[in-house]
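Enquirer: So that you have it, the file is protein00.txt, and it contains compact mmCIF, C-alpha atoms:
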# COMPACT_ATOMS: atom_id res chain seq x y z
CA MET A 1 97.85 51.54 98.17
CA ALA A 2 96.21 50.44 101.43
CA GLU A 3 99.61 50.43 103.15
CA LYS A 4 100.16 54.08 102.27
CA LYS A 5 96.77 55.09 103.74
CA GLU A 6 97.58 53.23 106.94
CA SER A 7 100.89 55.03 107.30
CA VAL A 8 99.23 58.40 106.68
CA MET A 9 96.55 57.58 109.23
CA GLU A 10 99.16 56.40 111.70
CA GLY A 11 101.07 59.64 111.20
CA PHE A 12 97.89 61.66 111.68
CA LYS A 13 97.07 59.69 114.83
CA ALA A 14 100.60 60.31 116.16
CA PHE A 15 100.20 64.01 115.39
CA LEU A 16 96.92 64.19 117.28
CA MET A 17 98.24 62.25 120.23
CA ARG A 18 101.24 64.52 120.76
CA GLY A 19 100.90 66.54 123.92
CA ASN A 20 101.16 69.91 122.17
CA VAL A 21 98.03 69.42 120.06
CA ILE A 22 95.95 68.20 122.97
CA ASP A 23 97.19 71.01 125.23
CA LEU A 24 96.37 73.54 122.53
CA ALA A 25 92.86 72.15 122.09
CA VAL A 26 92.26 72.30 125.85
CA ALA A 27 93.60 75.86 125.96
CA VAL A 28 91.24 76.98 123.18
CA VAL A 29 88.20 75.45 124.89
CA ILE A 30 89.14 76.91 128.29
CA GLY A 31 89.90 80.28 126.66
CA ALA A 32 86.48 80.38 125.01
CA ALA A 33 84.75 79.60 128.30
CA PHE A 34 86.92 82.10 130.13
CA THR A 35 86.07 84.81 127.58
CA ASN A 36 82.39 84.41 128.42
CA ILE A 37 83.15 84.83 132.11
CA VAL A 38 85.22 87.97 131.53
CA ASN A 39 82.60 89.49 129.23
CA SER A 40 79.95 88.80 131.88
CA VAL A 41 82.06 90.49 134.55
CA VAL A 42 82.59 93.54 132.34
CA LYS A 43 78.93 93.80 131.38
CA GLY A 44 77.55 92.88 134.80
CA VAL A 45 80.00 94.65 137.14
CA ILE A 46 82.31 97.09 135.36
CA ASN A 47 79.70 98.67 133.08
CA PRO A 48 77.25 99.37 135.96
CA LEU A 49 80.07 100.85 138.06
CA VAL A 50 80.99 103.17 135.20
CA GLY A 51 77.30 103.80 134.68
CA ALA A 52 77.02 105.04 138.25
CA PHE A 53 79.10 108.04 137.14
CA GLY A 54 77.43 108.53 133.76
CA THR A 55 75.09 106.67 131.47
CA LYS A 56 73.68 103.26 132.31
CA ASP A 57 75.85 101.24 129.89
CA LEU A 58 79.53 101.73 129.05
CA GLU A 59 78.87 100.70 125.46
CA SER A 60 76.40 103.55 125.01
CA TYR A 61 79.18 106.12 125.31
CA ARG A 62 79.70 107.69 121.90
CA SER A 63 80.68 110.91 120.24
CA CYS A 64 79.50 112.32 116.96
CA LEU A 65 82.16 113.03 114.35
CA LYS A 66 80.06 114.99 111.88
CA GLY A 67 77.03 116.97 112.92
CA PRO A 68 74.64 116.00 115.66
CA CYS A 69 73.92 112.30 115.76
CA GLN A 70 70.26 111.37 115.69
CA ILE A 71 69.28 107.87 116.72
CA ASP A 72 65.86 106.32 116.12
CA ASP A 73 63.91 104.20 118.61
CA ALA A 74 65.58 100.98 117.40
CA GLY A 75 69.05 102.38 118.20
CA ASN A 76 70.07 102.92 114.57
CA VAL A 77 71.92 106.09 113.58
CA VAL A 78 69.80 108.29 111.34
CA THR A 79 72.18 111.22 110.83
CA GLY A 80 75.80 111.94 111.75
CA ILE A 81 78.85 109.71 112.10
CA PRO A 82 79.06 108.20 115.58
CA ILE A 83 82.37 107.18 117.18
CA MET A 84 81.57 104.29 119.51
CA TRP A 85 84.42 104.78 121.99
CA GLY A 86 82.44 103.16 124.82
CA THR A 87 82.49 99.84 122.96
CA VAL A 88 86.25 100.13 122.49
CA LEU A 89 86.72 101.00 126.17
CA SER A 90 84.63 97.97 127.15
CA ALA A 91 86.77 95.71 124.93
CA VAL A 92 89.97 97.18 126.40
CA LEU A 93 88.70 96.55 129.93
CA SER A 94 87.81 92.96 128.98
CA PHE A 95 91.29 92.46 127.59
CA LEU A 96 92.99 93.94 130.67
CA ILE A 97 90.92 91.80 133.03
CA THR A 98 91.64 88.69 130.97
CA ALA A 99 95.36 89.48 130.82
CA ALA A 100 95.51 90.13 134.58
CA VAL A 101 93.72 86.89 135.45
CA VAL A 102 95.89 84.86 133.06
CA TYR A 103 99.06 86.46 134.44
CA PHE A 104 98.22 86.15 138.14
CA LEU A 105 96.50 82.76 138.04
CA MET A 106 98.55 80.99 135.36
CA VAL A 107 101.80 82.67 134.33
CA LEU A 108 103.05 83.79 137.75
CA PRO A 109 102.43 80.46 139.54
CA MET A 110 103.99 78.54 136.63
CA ALA A 111 107.05 80.82 136.71
CA LYS A 112 107.42 80.12 140.45
CA VAL A 113 107.17 76.36 139.87
CA LEU A 114 109.76 76.52 137.08
CA ALA A 115 112.07 78.65 139.24
CA ARG A 116 111.82 76.13 142.08
CA ARG A 117 112.53 73.29 139.67
CA ALA A 118 115.54 75.15 138.24
CA ALA A 119 116.86 75.86 141.75
CA HIS A 120 116.37 72.20 142.68
CA ASP A 121 118.17 71.05 139.52
CA LYS A 122 120.99 73.54 140.16
CA ALA A 123 121.34 72.34 143.76
CA LYS A 124 121.38 68.77 142.51
CA GLU A 125 124.15 69.65 140.03
CA GLY A 126 126.06 71.37 142.83
CA VAL A 127 125.93 68.19 144.92
CA GLU A 128 127.17 66.18 141.93
CA GLU A 129 130.02 68.66 141.39
CA VAL A 130 130.95 68.42 145.07
CA LEU A 131 130.97 64.63 144.78
CA GLU A 132 133.14 64.82 141.67
CA VAL A 133 135.56 67.19 143.38
CA SER A 134 135.71 65.02 146.48
CA GLU A 135 136.33 61.93 144.32
CA LEU A 136 139.12 63.79 142.58
CA GLU A 137 140.61 64.76 145.90
CA VAL A 138 140.43 61.14 147.10
CA LEU A 139 142.17 59.97 143.94
CA LYS A 140 144.91 62.58 144.44
CA GLU A 141 145.39 61.40 148.01
CA ILE A 142 145.64 57.78 146.86
CA ARG A 143 148.18 58.79 144.22
CA ASP A 144 150.21 60.74 146.74
CA HIS A 145 150.06 57.85 149.17
CA LEU A 146 151.25 55.38 146.52
CA ILE A 147 154.09 57.71 145.55
CA SER A 148 155.11 58.06 149.16
CA GLN A 149 155.10 54.26 149.58
CA ARG A 150 157.42 53.80 146.58
CA GLY A 151 159.92 56.05 148.14
CA PRO A 152 161.29 59.48 147.35
CA SER A 153 163.75 58.37 144.64
CA SER A 154 161.36 56.39 142.40
CA GLY A 155 158.67 59.06 142.20
CA LYS A 156 160.87 62.12 141.47
CA GLY A 157 160.18 63.93 138.24
CA THR A 158 157.34 61.68 137.08
CA HIS A 159 154.40 63.07 139.02
CA SER A 160 153.58 66.38 140.61
CA THR A 161 151.63 66.57 143.83
CA SER A 162 149.26 69.42 143.19
Represent the structure contained in this file as structure tokens.
Expert:
Amino acid sequence: MAEKKESVMEGFKAFLMRGNVIDLAVAVVIGAAFTNIVNSVVKGVINPLVGAFGTKDLESYRSCLKGPCQIDDAGNVVTGIPIMWGTVLSAVLSFLITAAVVYFLMVLPMAKVLARRAAHDKAKEGVEEVLEVSELEVLKEIRDHLISQRGPSSGKGTHSTS
């Protein structure tokens, strides 16, 4: 029974040590930290800029669906059905900023690196193909030379010189 537990633990350890799991864990931690930064930028920069043209806070933008909305001193809705479209707009701006930063700082540079690597690999394959072709040409020349040394009568009909 102890042997089975060791093999399960070894399998679990191998699973944890695979690069994908560790990369995923790092990505989640970085993503959580990055979310805080983006939310701070939206609340500290974007919301005040929008507030310069309207209310102080983007999240305070709302419309009332049914009747006039009355809000008490604590910010709770007393009457009416408020639609909090400012909160949704703030979340959309956070998402767009996050997506733009991820694209321009992570996806685009990685795509350029992968494209360079692919071009390098393709160029390397091209050099290998050229070497293979040149080797083939050398072998053809050797064959032709050997045929010419044997004389015209012994090589007729057995080999073509293409």
Enquirer: Taking only C-alpha atoms into account, which of A:Ile46, A:Glu135, A:Gly67, A:Val101 comes nearest Gly31 (chain A)?
Expert: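 The shortest atom-to-atom distance to Gly31 (chain A) comes from A:Val101.
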Enquirer: For region 39-41 of chain A, please output as a compact mmCIF listing (two decimals) with C-alpha atoms, keeping the file's coordinate frame all residues within 12 Å (counting only C-alpha atoms; exclusion window: fewer than 2 positions along the same chain).
Expert:
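Once written, out_34.txt looks like this:
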# COMPACT_ATOMS: atom_id res chain seq x y z
CA ALA A 32 86.48 80.38 125.01
CA ALA A 33 84.75 79.60 128.30
CA PHE A 34 86.92 82.10 130.13
CA THR A 35 86.07 84.81 127.58
CA ASN A 36 82.39 84.41 128.42
CA ILE A 37 83.15 84.83 132.11
CA LYS A 43 78.93 93.80 131.38
CA GLY A 44 77.55 92.88 134.80
CA VAL A 45 80.00 94.65 137.14
CA ILE A 46 82.31 97.09 135.36
CA ASN A 47 79.70 98.67 133.08
CA PRO A 48 77.25 99.37 135.96
CA LEU A 49 80.07 100.85 138.06
CA SER A 90 84.63 97.97 127.15
CA ALA A 91 86.77 95.71 124.93
CA VAL A 92 89.97 97.18 126.40
CA LEU A 93 88.70 96.55 129.93
CA SER A 94 87.81 92.96 128.98
CA PHE A 95 91.29 92.46 127.59
CA LEU A 96 92.99 93.94 130.67
CA ILE A 97 90.92 91.80 133.03
CA THR A 98 91.64 88.69 130.97
Enquirer: Edge lengths and centre in Å to one decimal, as AutoDock Vina command-line options, is what I'm after for the box along x, y and z that holds all listed atoms of region 111-121 of chain A once 4 Å is added on each side.
Expert:
--center_x 112.6 --center_y 75.9 --center_z 139.7 --size_x 19.1 --size_y 17.8 --size_z 14.0
Enquirer: Please, what distance in Å, to one decimal, runs between CA of Leu89 (chain A) and CA of Cys64 (chain A)?
Expert: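 CA of Cys64 (chain A) lies at a distance of 16.3 Å from CA of Leu89 (chain A).
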Enquirer: How close does each residue of region 22-41 of chain A get to region 5-18 of chain A, giving the shortest atom pair and distance in Å to one decimal for every residue with an atom at most 12 Å away, counting only C-alpha atoms, sorted by chain and residue number, as a Markdown table?
Expert:
| residue | atom | partner | partner_atom | distance |
| --- | --- | --- | --- | --- |
| A:Ile22 | CA | A:Arg18 | CA | 6.8 |
| A:Asp23 | CA | A:Arg18 | CA | 8.9 |
| A:Leu24 | CA | A:Arg18 | CA | 10.4 |
| A:Ala25 | CA | A:Leu16 | CA | 10.1 |
Enquirer: Measuring atom to atom with all atoms listed in the file, identify which of A:Ile147, A:Ala123, A:Val78, A:Ile83 is nearest to Glu59 (chain A).
Expert: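 Nearest candidate to Glu59 (chain A) out of A:Ile147, A:Ala123, A:Val78, A:Ile83: A:Ile83.
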Enquirer: At what distance in Å, to one decimal, does CA of Gln70 (chain A) lie from CA of Val50 (chain A)?
Expert: 23.7 Å
Enquirer: Would you kindly return, as an NGL selection string, each protein, DNA or RNA residue with an atom no farther than 10 Å from any atom of Arg62 (chain A), considering only C-alpha atoms and excluding same-chain residues fewer than 4 positions away?
Expert: :A and (58 or 69 or 82-87)
Enquirer: CA of Leu65 (chain A) and CA of Val77 (chain A) are how many Å apart?
Expert: 12.4 Å
